[in-house]
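This report concerns only the one structure given below.
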Amino acid sequence: MKHRIVVLGAGYAGAYVAGTVARRLSPEDTGITVVNAEPDFVQRLRLHQLAAGQEIEAPQLADVFVGTGIELRLARVTAVDPERQVVAVADADGGGELRYDTLLYALGSHVADHGVPGVAEHAFDVTGRPSALRLRERLDSLGRRDGGGRVLVVGDGLTGIETATEIAESRPGLSVTLVARGELGAQLSAGARGHLRQACDRLGITVLEHTSVEAVEAARVLCADGTAVASEATVWTAGFAVDPIAAAGGLEVTESGRIVVDRTMRSVSHPNVYAVGDSAYAIGDNGRPLPMSCASAGYTGRQATAAIVGSLTGRAIPHIKLEYLANHISLGRRDGILQLVDDEARAKPKYVGGRKAARIKAGILRMSLWATSHPTFGLPKRRRSLAAAPDASAEHRVAA
């Protein structure tokens, strides 16, 4: 019987790992199934652009996996049972269960409402393609009004900054306000903070600093200081959360629900389960948890690939670097910030801004899309057979 590998999620990490593992392992020994709710690959890093009215590529996953032998199952994951080694899914035909021998968990994250009333009912977000398109429709309707409309972006993390600046640049007829819980760009160096402020001024963005939102209503938000800010489109970008599926299935997770993994992305509680991307709680080489980011998806994905192939073929598993070097922030299409960070995740004094930073960010996005949609490029054509008894222990061999 073939060794069954099931991959949950086909985002940056899941799609890459699935395609790469398929190319490295013999199809005579392994069968790989990818479960994803949508038929296309979603460039999550560019969903704020989609919401602002731009068109972005969305390669069909069937095309991404062509020639790999991967079976694509378009379905929504509803449960994981690591004791029985099954995954429950729901689709147009009612769904069912998929059995696995090795599971790769890459379901990613969604917007976190932090228990704030009204977020689910009234706020928009850019964490998924359907939600980004919903925001786009709302912005379109506001743009047709006399005098435009008021857009309020809550959260001044990277997603909030990119969303506010993209909307302001693409839709100059709208009034855009960015709500920052503390100082705008507090995670950046002094020079980069100044650059960000200049960008907001240039784009006409109103910034409300040291402001906490306690409730979202249909046409306004209520702040902790008692003030109300009018908004015809409130965009919630105040953090990310993961689905409770892993926790409900009995995998060891953090308080936030992320799967606790070892240095090779293997679940510390269930050795035939691997987690990558936002779903994984992985400790980087600096001793700190890797942040939820595209860069982390790449590092954890490459490490999981090496671990799965190594453990199944009886080879030593190399350590892939797990590092976080910089924040890349787009400020519309012609401006940006590249902020390097040190081993303590603190911003270094120097930064790159302006068109150069924008070109670097655009290059990273193109590279990420290409690498994900061409996962087998440059890999050896020889596919390795599985070892007679694949290593299922938690203490598998690791290369020095």
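Letters for chains follow the order of the structure tokens (A, B, ...), residue numbers begin at 1 for each chain, and ligand numbers begin at 1 in the order shown.
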
Self-check item: Expected answer as a PyMOL selection string: helix (DSSP H, G or I) residues in region 155-316 of chain A
Solution: chain A and resi 158-170+190-203+245-248+277-279+294-313

Exercise. Taking the DSSP assignment computed from this structure's backbone, write out as JSON, numbers by chain all residues of region 44-176 of chain A that belong to strand (DSSP E or B).
Key: {"A": [60, 71, 72, 73, 74, 76, 77, 78, 79, 80, 81, 86, 87, 88, 89, 90, 96, 97, 98, 99, 102, 103, 104, 105, 110, 111, 124, 150, 151, 152, 153, 154, 175, 176]}

With the cut-off set at 10 Å and counting only C-alpha atoms, tabulate each residue of region 251-333 of chain A with an atom at most that distance from an atom of region 67-86 of chain A, showing the nearest atom pair and its distance in Å to one decimal, ordered by chain and increasing number, as a tab-separated table.
residue	atom	partner	partner_atom	distance
A:Leu251	CA	A:Pro82	CA	7.4
A:Ser269	CA	A:Pro82	CA	9.7
A:His270	CA	A:Pro82	CA	7.2
A:Pro271	CA	A:Pro82	CA	9.8
A:Asn272	CA	A:Pro82	CA	8.6
A:Val273	CA	A:Pro82	CA	7.9

Quiz item: For the atom pair CA of Ile360 (chain A) and CA of Ile329 (chain A), what is the interatomic distance in Å to one decimal place?
Solution: 9.9 Å

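If only C-alpha atoms are the atoms counted, then among A:Glu137, A:Asp125, A:Asp285, A:Asp101 the closest residue to Val153 (chain A) is A:Asp125.
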
Quiz item: region 19-23 of chain A: which residues within 10 Å, counting only C-alpha atoms, same-chain residues fewer than 6 positions away excluded, as a PyMOL selection string?
Solution: chain A and resi 5+30-34+64-70+301-302+304-306+308-309+372-377+379-384

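Using only C-alpha atoms, the protein and nucleic acid residues lying no more than 7 Å from Gly284 (chain A), apart from those fewer than 5 places from it along its own chain, are A:Pro289, A:Leu290, A:Leu322, A:Glu323.
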
Exercise. Take CA of Ile259 (chain A) and CA of Val87 (chain A) and report the distance between them in Å, one decimal.
Key: 16.0 Å
